[in-house]
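> Below is the file start.cif, with mmCIF, C-alpha atoms.
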data_upload
loop_
_atom_site.label_atom_id
_atom_site.label_comp_id
_atom_site.auth_asym_id
_atom_site.auth_seq_id
_atom_site.Cartn_x
_atom_site.Cartn_y
_atom_site.Cartn_z
CA MET A 627 -42.74 -15.18 -42.13
CA ALA A 628 -39.66 -15.20 -39.98
CA THR A 629 -39.93 -13.69 -36.56
CA GLN A 630 -37.32 -11.07 -35.71
CA HIS A 631 -35.60 -11.58 -32.34
CA LEU A 632 -34.37 -8.44 -30.66
CA SER A 633 -31.77 -8.32 -27.91
CA SER A 634 -33.15 -7.60 -24.47
CA ALA A 635 -30.20 -5.31 -23.77
CA LEU A 636 -31.16 -1.87 -25.07
CA PRO A 637 -28.68 -0.24 -27.44
CA ALA A 638 -26.91 2.29 -25.25
CA THR A 639 -25.07 5.30 -26.53
CA ALA A 640 -21.88 4.28 -28.28
CA VAL A 641 -18.77 4.79 -26.21
CA SER A 642 -17.07 7.96 -27.34
CA ALA A 643 -13.42 7.79 -28.25
CA ALA A 644 -12.95 10.76 -25.91
CA TYR A 645 -14.56 9.03 -22.95
CA PRO A 646 -12.31 9.88 -19.98
CA MET A 647 -10.16 7.22 -18.40
CA ALA A 648 -9.54 7.22 -14.67
CA ASN A 649 -6.09 7.65 -13.16
CA PRO A 650 -3.98 4.46 -13.14
CA GLY A 651 -5.37 2.04 -10.55
CA TYR A 652 -8.82 3.63 -10.51
CA GLY A 653 -12.00 3.18 -12.52
CA LYS A 654 -13.70 0.09 -13.93
CA ARG A 655 -12.35 -3.40 -13.28
CA SER A 656 -13.87 -6.44 -15.00
CA ALA A 657 -14.55 -9.43 -12.77
CA PRO A 658 -13.29 -12.81 -14.02
CA GLY A 659 -15.35 -15.70 -15.37
CA GLN A 660 -18.03 -13.70 -17.15
CA GLN A 661 -20.19 -15.28 -19.81
CA ALA A 662 -19.89 -14.13 -23.39
CA ARG A 663 -22.13 -11.28 -24.50
CA SER A 664 -25.53 -12.35 -25.77
CA ARG A 665 -28.91 -10.87 -26.67
CA ASP A 666 -30.25 -11.96 -23.28
CA ASP A 667 -27.87 -9.84 -21.24
CA PHE A 668 -29.70 -7.86 -18.53
CA ALA A 669 -33.06 -9.22 -19.74
CA LEU A 670 -34.58 -9.15 -16.26
CA LEU A 671 -33.67 -5.53 -15.55
CA PRO A 672 -35.98 -2.53 -16.01
CA THR A 673 -35.57 -0.42 -19.13
CA ARG A 674 -33.37 2.28 -17.62
CA GLU A 675 -31.08 -0.20 -15.86
CA ARG A 676 -30.70 -2.25 -19.06
CA TYR A 677 -29.68 0.93 -20.88
CA VAL A 678 -27.06 1.89 -18.27
CA ALA A 679 -25.79 -1.70 -17.92
CA GLY A 680 -25.32 -2.05 -21.68
CA PHE A 681 -23.22 1.12 -21.73
CA VAL A 682 -21.09 0.21 -18.70
CA ASP A 683 -20.52 -3.29 -20.04
CA HIS A 684 -18.86 -1.89 -23.17
CA LEU A 685 -16.55 0.49 -21.29
CA PRO A 686 -12.90 -0.59 -21.22
CA ASP A 687 -11.15 -1.39 -17.98
CA GLY A 688 -9.85 1.76 -16.34
CA ALA A 689 -12.70 3.94 -17.62
CA ALA A 690 -14.01 6.59 -15.23
CA MET A 691 -17.09 5.34 -13.39
CA SER A 692 -18.28 8.44 -11.58
CA VAL A 693 -21.97 9.30 -11.80
CA LYS A 694 -21.06 12.67 -13.31
CA GLN A 695 -19.07 11.16 -16.18
CA LEU A 696 -21.69 8.52 -16.92
CA ALA A 697 -24.44 11.14 -17.00
CA LYS A 698 -22.47 13.18 -19.55
CA GLN A 699 -22.43 10.21 -21.91
CA LEU A 700 -26.04 9.12 -21.28
CA PRO A 701 -28.12 12.22 -22.02
CA LEU A 702 -31.44 10.40 -21.50
CA TYR A 703 -30.90 10.37 -17.72
CA GLY A 704 -29.55 12.81 -15.16
CA GLN A 705 -27.08 12.16 -12.37
CA GLN A 706 -29.79 11.19 -9.89
CA ALA A 707 -31.24 8.62 -12.30
CA ILE A 708 -27.77 7.21 -13.04
CA SER A 709 -27.04 6.93 -9.31
CA THR A 710 -30.31 5.05 -8.75
CA SER A 711 -29.53 2.74 -11.67
CA LEU A 712 -26.09 1.90 -10.31
CA LYS A 713 -27.67 1.03 -6.98
CA ALA A 714 -30.11 -1.28 -8.74
CA LEU A 715 -27.26 -2.91 -10.70
CA SER A 716 -25.40 -3.45 -7.43
CA VAL A 717 -28.43 -5.17 -5.89
CA ALA A 718 -28.81 -7.25 -9.06
CA GLY A 719 -25.24 -8.51 -8.59
CA HIS A 720 -23.50 -6.76 -11.48
CA LEU A 721 -21.17 -4.34 -9.68
CA ARG A 722 -19.43 -3.49 -6.43
CA ARG A 723 -17.72 -0.22 -5.59
CA VAL A 724 -14.59 -0.68 -3.47
CA ARG A 725 -11.73 1.35 -2.05
CA CYS A 726 -8.30 -0.29 -1.71
CA SER A 727 -5.29 0.69 0.35
CA VAL A 728 -2.12 0.50 -1.76
CA GLY A 729 1.48 1.29 -0.92
CA ALA A 730 3.01 1.32 2.54
CA GLY A 731 3.92 3.81 5.24
CA ASP A 732 3.85 7.43 4.13
CA GLU A 733 3.29 6.29 0.54
CA SER A 734 0.00 4.55 1.37
CA ARG A 735 -3.10 5.88 -0.40
CA TRP A 736 -6.66 4.86 -1.21
CA VAL A 737 -7.72 4.00 -4.74
CA PHE A 738 -11.36 3.65 -5.78
CA ARG A 739 -12.53 0.98 -8.21
CA THR A 740 -15.81 -0.33 -9.57
CA PHE A 741 -15.79 -4.07 -10.21
CA TRP A 742 -18.18 -5.03 -12.98
CA SER A 743 -19.62 -8.41 -13.94
CA ARG A 744 -21.88 -8.88 -16.95
CA THR A 745 -22.95 -12.13 -15.32
CA ALA A 746 -25.02 -11.43 -12.19
CA ARG A 747 -23.33 -12.73 -9.00
CA ASP A 748 -24.73 -13.36 -5.56
CA ASN A 749 -23.30 -11.96 -2.32
CA GLU A 750 -21.35 -15.13 -1.54
CA TRP A 751 -19.54 -14.96 -4.88
CA TRP A 752 -18.68 -11.29 -4.46
CA ASN A 753 -17.44 -11.78 -0.88
CA THR A 754 -15.21 -14.67 -1.95
CA TYR A 755 -13.87 -12.83 -4.97
CA LEU A 756 -13.11 -9.61 -3.08
CA ALA A 757 -11.38 -11.61 -0.33
CA THR A 758 -9.24 -13.24 -3.03
CA GLU A 759 -8.55 -9.82 -4.49
CA THR A 760 -7.32 -8.66 -1.07
CA ALA A 761 -5.07 -11.70 -0.64
CA SER A 762 -3.58 -11.32 -4.11
CA ARG A 763 -2.40 -7.79 -3.25
CA THR A 764 -1.01 -8.75 0.17
CA ALA A 765 2.17 -10.29 -1.16
CA ALA A 766 4.32 -7.81 -3.04
CA PRO A 767 4.99 -8.99 -6.58
CA VAL A 768 8.52 -10.13 -7.21
CA GLU A 769 10.00 -8.55 -10.28
CA PRO A 770 11.72 -11.04 -12.55
CA PRO A 771 15.45 -10.46 -12.90
CA ALA A 772 16.37 -8.29 -15.82
CA LEU A 773 18.00 -10.22 -18.62
CA ALA A 774 20.92 -8.34 -20.10
CA ALA A 775 22.02 -9.09 -23.60
CA VAL A 776 25.36 -10.84 -23.53
CA PRO A 777 27.51 -9.91 -26.51
CA GLN A 778 28.81 -12.82 -28.51
CA GLN A 779 32.31 -13.73 -27.46
CA ARG A 780 34.93 -13.49 -30.12
CA THR A 781 37.12 -16.50 -30.62
CA ALA A 782 40.77 -15.60 -30.37
CA PRO A 783 42.82 -16.76 -33.35
CA GLU A 784 44.88 -19.83 -32.67
CA ALA A 785 48.35 -18.67 -31.72
CA THR A 786 51.56 -20.33 -32.83
CA PRO A 787 53.25 -21.89 -29.80
CA ASP A 788 56.18 -19.82 -28.62
CA PRO A 789 59.45 -21.36 -27.65
CA ALA A 790 59.79 -22.29 -24.01
CA PRO A 791 60.43 -19.14 -21.98
CA ALA A 792 63.46 -18.75 -19.85
CA PRO A 793 62.96 -19.44 -16.15
CA ALA A 794 61.62 -16.36 -14.46
CA THR A 795 62.34 -15.07 -11.02
CA PRO A 796 59.48 -16.00 -8.62
CA PRO A 797 57.27 -12.94 -8.02
CA THR A 798 57.55 -11.21 -4.73
CA ALA A 799 54.46 -11.67 -2.54
CA PRO A 800 52.51 -8.39 -2.14
CA PRO A 801 52.58 -6.84 1.30
CA THR A 802 49.70 -7.83 3.57
CA PRO A 803 47.33 -4.85 4.03
CA PRO A 804 46.70 -3.78 7.60
CA ALA A 805 43.62 -5.21 9.25
CA ALA A 806 40.55 -2.97 9.02
CA PHE A 807 39.62 -1.17 12.22
CA SER A 808 36.11 -1.48 13.64
CA PRO A 809 33.76 1.55 13.79
CA ALA A 810 34.05 1.49 17.58
CA TYR A 811 37.87 1.68 17.42
CA LEU A 812 37.78 4.50 14.86
CA ALA A 813 35.29 6.51 16.93
CA LEU A 814 37.59 6.29 19.97
CA ALA A 815 40.68 7.17 17.96
CA GLN A 816 38.96 10.23 16.53
CA LEU A 817 38.16 11.68 19.97
CA GLY A 818 41.68 12.99 20.51
CA ARG A 819 41.69 14.71 17.14
CA ASN A 820 38.48 16.55 17.97
CA ASP A 821 39.51 17.41 21.54
CA HIS A 822 43.15 17.12 22.68
CA ARG A 823 42.02 16.37 26.24
CA LEU A 824 40.73 12.98 25.08
CA GLY A 825 43.83 11.82 23.25
CA LEU A 826 44.11 8.02 23.50
CA SER A 827 46.95 5.71 22.63
CA ALA A 828 46.53 2.71 20.33
CA ASP A 829 46.51 0.42 23.37
CA ASP A 830 43.83 2.58 25.03
CA CYS A 831 41.63 2.31 21.91
CA THR A 832 42.08 -1.45 21.80
CA THR A 833 41.21 -1.76 25.50
CA LEU A 834 38.09 0.42 25.28
CA GLU A 835 36.93 -0.95 21.92
CA PRO A 836 34.71 -3.76 23.36
CA LEU A 837 32.88 -1.25 25.60
CA ALA A 838 32.25 1.12 22.69
CA ALA A 839 31.14 -1.80 20.50
CA GLN A 840 28.36 -2.56 23.00
CA TRP A 841 26.91 0.90 22.30
CA LEU A 842 26.87 0.32 18.55
CA ASP A 843 25.36 -3.14 19.04
CA ARG A 844 22.43 -1.45 20.79
CA GLY A 845 21.56 0.57 17.73
CA VAL A 846 23.24 3.94 18.41
CA THR A 847 25.34 5.70 15.81
CA THR A 848 28.98 6.68 16.12
CA ASP A 849 27.90 10.33 16.18
CA TYR A 850 25.65 9.62 19.17
CA LEU A 851 28.49 7.74 20.88
CA THR A 852 30.94 10.60 20.28
CA SER A 853 28.57 13.35 21.43
CA THR A 854 27.74 11.46 24.65
CA LEU A 855 31.39 10.83 25.52
CA THR A 856 32.38 14.46 24.89
CA ALA A 857 29.44 16.22 26.55
CA GLY A 858 30.19 18.23 29.71
CA LEU A 859 33.91 17.48 29.95
CA PRO A 860 35.87 18.90 32.90
CA THR A 861 38.46 21.58 32.22
CA GLN A 862 41.40 19.30 33.04
CA ILE A 863 41.50 15.55 32.38
CA ASP A 864 44.34 13.61 33.95
CA SER A 865 43.37 10.16 32.60
CA PRO A 866 41.40 10.25 29.31
CA ALA A 867 41.21 6.45 29.18
CA GLY A 868 39.87 6.24 32.73
CA LEU A 869 37.27 8.97 32.15
CA LEU A 870 36.05 7.39 28.91
CA ARG A 871 35.93 3.93 30.45
CA ARG A 872 33.74 5.24 33.26
CA ARG A 873 31.40 6.99 30.81
CA LEU A 874 31.18 3.98 28.51
CA ILE A 875 30.04 1.84 31.45
CA ASP A 876 27.80 4.33 33.27
CA LYS A 877 26.03 5.80 30.24
CA LEU A 878 25.48 2.54 28.29
CA PRO A 879 22.08 2.97 26.55
CA PRO A 880 19.29 0.40 27.03
CA ARG A 881 18.81 -2.40 24.55
CA LEU A 882 15.71 -1.79 22.42
CA PRO A 883 13.81 -4.34 20.31
CA ASP A 884 14.87 -4.42 16.70
CA THR A 885 12.05 -2.85 14.71
CA THR A 886 13.78 -3.06 11.34
CA SER A 887 13.86 -6.82 11.00
CA THR A 888 10.82 -8.99 10.47
CA ALA A 889 10.59 -12.50 11.86
CA PRO A 890 10.45 -15.18 9.15
CA ASN A 891 6.98 -16.30 10.22
CA THR A 892 5.56 -12.78 10.55
CA PRO A 893 2.86 -12.31 7.92
CA ALA A 894 3.14 -9.37 5.56
CA PRO A 895 0.84 -6.43 6.32
CA THR A 896 -2.56 -6.89 4.75
CA HIS A 897 -3.71 -4.28 2.29
CA ARG A 898 -7.26 -3.44 3.17
CA LEU A 899 -10.11 -3.61 0.69
CA LEU A 900 -13.41 -2.03 1.68
CA VAL A 901 -16.66 -2.12 -0.22
CA GLU A 902 -18.41 1.22 -0.61
CA CYS A 903 -22.16 1.45 -0.31
CA THR A 904 -23.33 2.08 -3.87
CA ASP A 905 -25.97 4.47 -2.56
CA CYS A 906 -24.33 6.60 0.16
CA GLY A 907 -20.63 5.68 -0.17
CA ARG A 908 -20.24 4.37 3.40
CA PRO A 909 -17.29 1.91 3.49
CA GLY A 910 -17.21 -1.47 5.18
CA PRO A 911 -15.99 -5.06 4.78
CA PRO A 912 -17.67 -6.99 1.94
CA GLU A 913 -19.69 -9.24 4.26
CA ALA A 914 -21.18 -6.18 6.03
CA LEU A 915 -22.61 -4.72 2.80
CA PRO A 916 -24.95 -7.29 1.20
CA ASP A 917 -25.93 -6.33 -2.34
CA GLY A 918 -23.27 -3.60 -2.09
CA LEU A 919 -25.42 -1.54 0.28
CA CYS A 920 -24.89 -0.58 3.90
CA HIS A 921 -27.52 -1.59 6.45
CA PRO A 922 -29.56 1.68 6.41
CA CYS A 923 -29.56 1.87 2.60
CA HIS A 924 -30.34 -1.84 2.29
CA THR A 925 -33.27 -1.42 4.68
CA THR A 926 -34.54 1.56 2.68
CA HIS A 927 -34.26 -0.40 -0.57
CA SER A 928 -35.98 -3.48 0.87
CA THR A 929 -38.88 -1.72 2.59
CA GLY A 930 -39.27 1.18 0.21
CA GLY A 931 -39.00 3.70 3.04
CA PRO A 932 -36.47 5.16 5.44
CA PRO A 933 -35.27 2.90 8.28
CA SER A 934 -36.71 3.34 11.73
CA PRO A 935 -34.60 5.76 13.79
CA ASP A 936 -32.22 4.42 16.38
CA PRO A 937 -33.59 5.09 19.93
CA THR A 938 -30.06 5.80 21.13
CA GLN A 939 -29.59 8.48 18.49
CA ILE A 940 -32.99 10.01 19.33
CA ALA A 941 -32.04 10.24 23.00
CA ALA A 942 -28.69 11.82 22.13
CA VAL A 943 -30.35 14.44 19.93
CA LYS A 944 -32.90 15.26 22.65
CA ALA A 945 -30.14 15.65 25.23
CA HIS A 946 -28.18 17.90 22.90
CA MET A 947 -31.19 20.11 22.23
CA ALA A 948 -32.00 20.34 25.97
CA ASN A 949 -28.42 21.46 26.61
CA LEU A 950 -28.69 24.14 23.92
CA ARG A 951 -31.94 25.46 25.40
CA HIS A 952 -30.29 25.61 28.80
CA LEU A 953 -27.37 27.61 27.44
CA LEU A 954 -29.74 30.07 25.73
CA LYS A 955 -31.64 30.88 28.94
CA PRO A 956 -31.06 34.45 30.16
CA VAL A 957 -28.83 34.68 33.22
#
How does this structure look as structure tokens?

Amino acid sequence: MATQHLSSALPATAVSAAYPMANPGYGKRSAPGQQARSRDDFALLPTRERYVAGFVDHLPDGAAMSVKQLAKQLPLYGQQAISTSLKALSVAGHLRRVRCSVGAGDESRWVFRTFWSRTARDNEWWNTYLATETASRTAAPVEPPALAAVPQQRTAPEATPDPAPAPATPPTAPPTPPAAFSPAYLALAQLGRNDHRLGLSADDCTTLEPLAAQWLDRGVTTDYLTSTLTAGLPTQIDSPAGLLRRRLIDKLPPRLPDTTSTAPNTPAPTHRLLVECTDCGRPGPPEALPDGLCHPCHTTHSTGGPPSPDPTQIAAVKAHMANLRHLLKPV
């Protein structure tokens, strides 16, 4: 009589076609290098954890991984039981909850992901993998150049050679366009059109142009230059060029470091990746959360009881309560 071999992974509820997917960038992420599915998957886990693990393992990447959504699909267990199971799966090396910083500047935001591995991994593997995940998102991806379809060129029909043309008159060379004026020159020339008291000649603009160019080289705009030169003018100006020369020298702004350019050897800003405690949600670097648990939760899980209170926190609470009693005393 043949012996029937049953899979150690309990048959979890089939994944519904309506199972909610997380927003783009959130939800389940499968870790690389997992072994193929087999009947021995999750064999060492308790019954409830095998049930939950079998269900999570069949979820597609991007599926919502909140306790609430999982409990809706697994009616045998409530949210508290699902939360406890996820903590056990984290300790067993099957998952890590993380939050990642994506974008830059005002567009930066946190996304929350649950990395899943059917194959149990130890802390060293998870720390190395999550560090690699951080490094892979540090450098911005370079989009490949778009390839435009080039229409096939038509071949012009072979033309019959024309008789030799008559000698033509050499074309007249086009007139040379005037040289472009610099922004500093144009800003000075515009002053007289805005205020007749500051009318400058072409020679005056050429003479003052190097002084005005120093302002623009220090990062100010032409509007800033114009407003500074025209602020608080006297009623009568005998020498516009002399007045402007004095102001260009005396009011020259300081040179500030260029914050828009990045040195070639300056590393790109690192996008942070923090592991969340599977039990309480406290974030931290991967190496600070062994088994995916923060220190207090890890201590509770290891000892089976709450961690011993911190003496510093006890003293702070006592001092706070003494202060409250003092404030409540009748005057």
> Write out as a PDB file with C-alpha atoms, in the frame of the given file which residues come within 10 Å of Ala714 of chain A when counting only C-alpha atoms, dropping same-chain ones fewer than 5 positions away.

ATOM      1  CA  LEU A 671     -33.670  -5.530 -15.550  1.00  0.00           C
ATOM      2  CA  PRO A 672     -35.980  -2.530 -16.010  1.00  0.00           C
ATOM      3  CA  GLU A 675     -31.080  -0.200 -15.860  1.00  0.00           C
ATOM      4  CA  ILE A 708     -27.770   7.210 -13.040  1.00  0.00           C
ATOM      5  CA  SER A 709     -27.040   6.930  -9.310  1.00  0.00           C
ATOM      6  CA  GLY A 719     -25.240  -8.510  -8.590  1.00  0.00           C
ATOM      7  CA  HIS A 720     -23.500  -6.760 -11.480  1.00  0.00           C
ATOM      8  CA  LEU A 721     -21.170  -4.340  -9.680  1.00  0.00           C
ATOM      9  CA  THR A 904     -23.330   2.080  -3.870  1.00  0.00           C
ATOM     10  CA  ASP A 905     -25.970   4.470  -2.560  1.00  0.00           C
ATOM     11  CA  ASP A 917     -25.930  -6.330  -2.340  1.00  0.00           C
ATOM     12  CA  GLY A 918     -23.270  -3.600  -2.090  1.00  0.00           C
ATOM     13  CA  HIS A 927     -34.260  -0.400  -0.570  1.00  0.00           C
TER      14      HIS A 927
END
> Given the choices A:Leu851, A:Ala867, A:Ala857, A:Ala757, which gets closest to Asp829 of chain A if the distance is worked out from only C-alpha atoms?
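With only C-alpha atoms as the atom set, the closest residue is A:Ala867.
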> So, counting all atoms listed in the file, which residue among A:His952, A:Arg674, A:Arg871, A:Arg663 is closest to Glu835 of chain A?
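Among A:His952, A:Arg674, A:Arg871, A:Arg663, it is A:Arg871 that comes nearest to Glu835 of chain A.
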> Spell out the residues picked by the PyMOL selection byres ((chain A and resi 840) around 12) here, as a list in words.
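After applying the PyMOL selection byres ((chain A and resi 840) around 12), what remains is Pro809, Ala810, Tyr811, Leu834, Glu835, Pro836, Leu837, Ala838, Ala839, Trp841, Leu842, Asp843, Arg844, Gly845, Val846, Thr847, Thr848, Leu851, Leu874, Ile875, Lys877, Leu878, Pro879, Pro880 and Arg881 of chain A.
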> What separation in Å, quoted to one decimal, exists between atom CA of Ala669 of chain A and atom CA of Ala644 of chain A?
29.0 Å
> Measuring atom to atom with all atoms listed in the file, identify which of A:Ser664, A:Thr852, A:Cys920, A:Leu826 is nearest to Gly868 of chain A.
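Of all the options, A:Leu826 lies closest to Gly868 of chain A.
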> Within 9 Å of (-11.5, 1.7, -19.7), in the coordinates the file gives, what residues turn up when you count all atoms listed in the file, written out as a PyMOL selection string?
chain A and resi 645-648+653-655+684-690
> For each of A:Ala813, A:Leu670, A:Leu696, A:Leu900, take the minimum atom-to-atom distance to Val682 of chain A, counting only C-alpha atoms, then give the residue where this is smallest.
A:Leu696
> When distances are computed from all atoms listed in the file, which of A:Asn949, A:Ser692, A:Thr925, A:Thr856 shows the smallest separation from Thr740 of chain A?
A:Ser692
> Find the residues around Asp864 of chain A up to 12 Å (only C-alpha atoms counted), leave out those fewer than 6 positions away in its own chain, and share them as a PyMOL selection string.
chain A and resi 822-826+870
> Would you mind telling me which residue in A:Arg744, A:Thr710, A:Thr929, A:Gly858 lies nearest to Gln660 of chain A when using all atoms listed in the file?
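Under the stated criterion, the closest residue is A:Arg744.
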> Mind pulling up the distance from atom CA of Tyr755 of chain A to atom CA of Ala657 of chain A?
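Atom CA of Tyr755 of chain A lies 8.5 Å from atom CA of Ala657 of chain A.
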> List the residues matched by the PyMOL selection byres ((chain A and resi 908-914) around 9) in the displayed structure as a PyMOL selection string, ordered by chain and then by residue number.
chain A and resi 724-725+749-750+752-754+756-757+899-907+915-916+918-921
> So how many Å separate atom CA of Pro701 of chain A and atom CA of Arg723 of chain A, to one decimal?
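We find that atom CA of Pro701 of chain A and atom CA of Arg723 of chain A lie 23.1 Å from each other.
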> Could you state which residues are captured by the PyMOL selection byres ((chain A and resi 703) around 12) in this file, as a VMD selection string?
chain A and resid 638 to 639 673 to 675 677 to 678 693 to 702 704 to 711
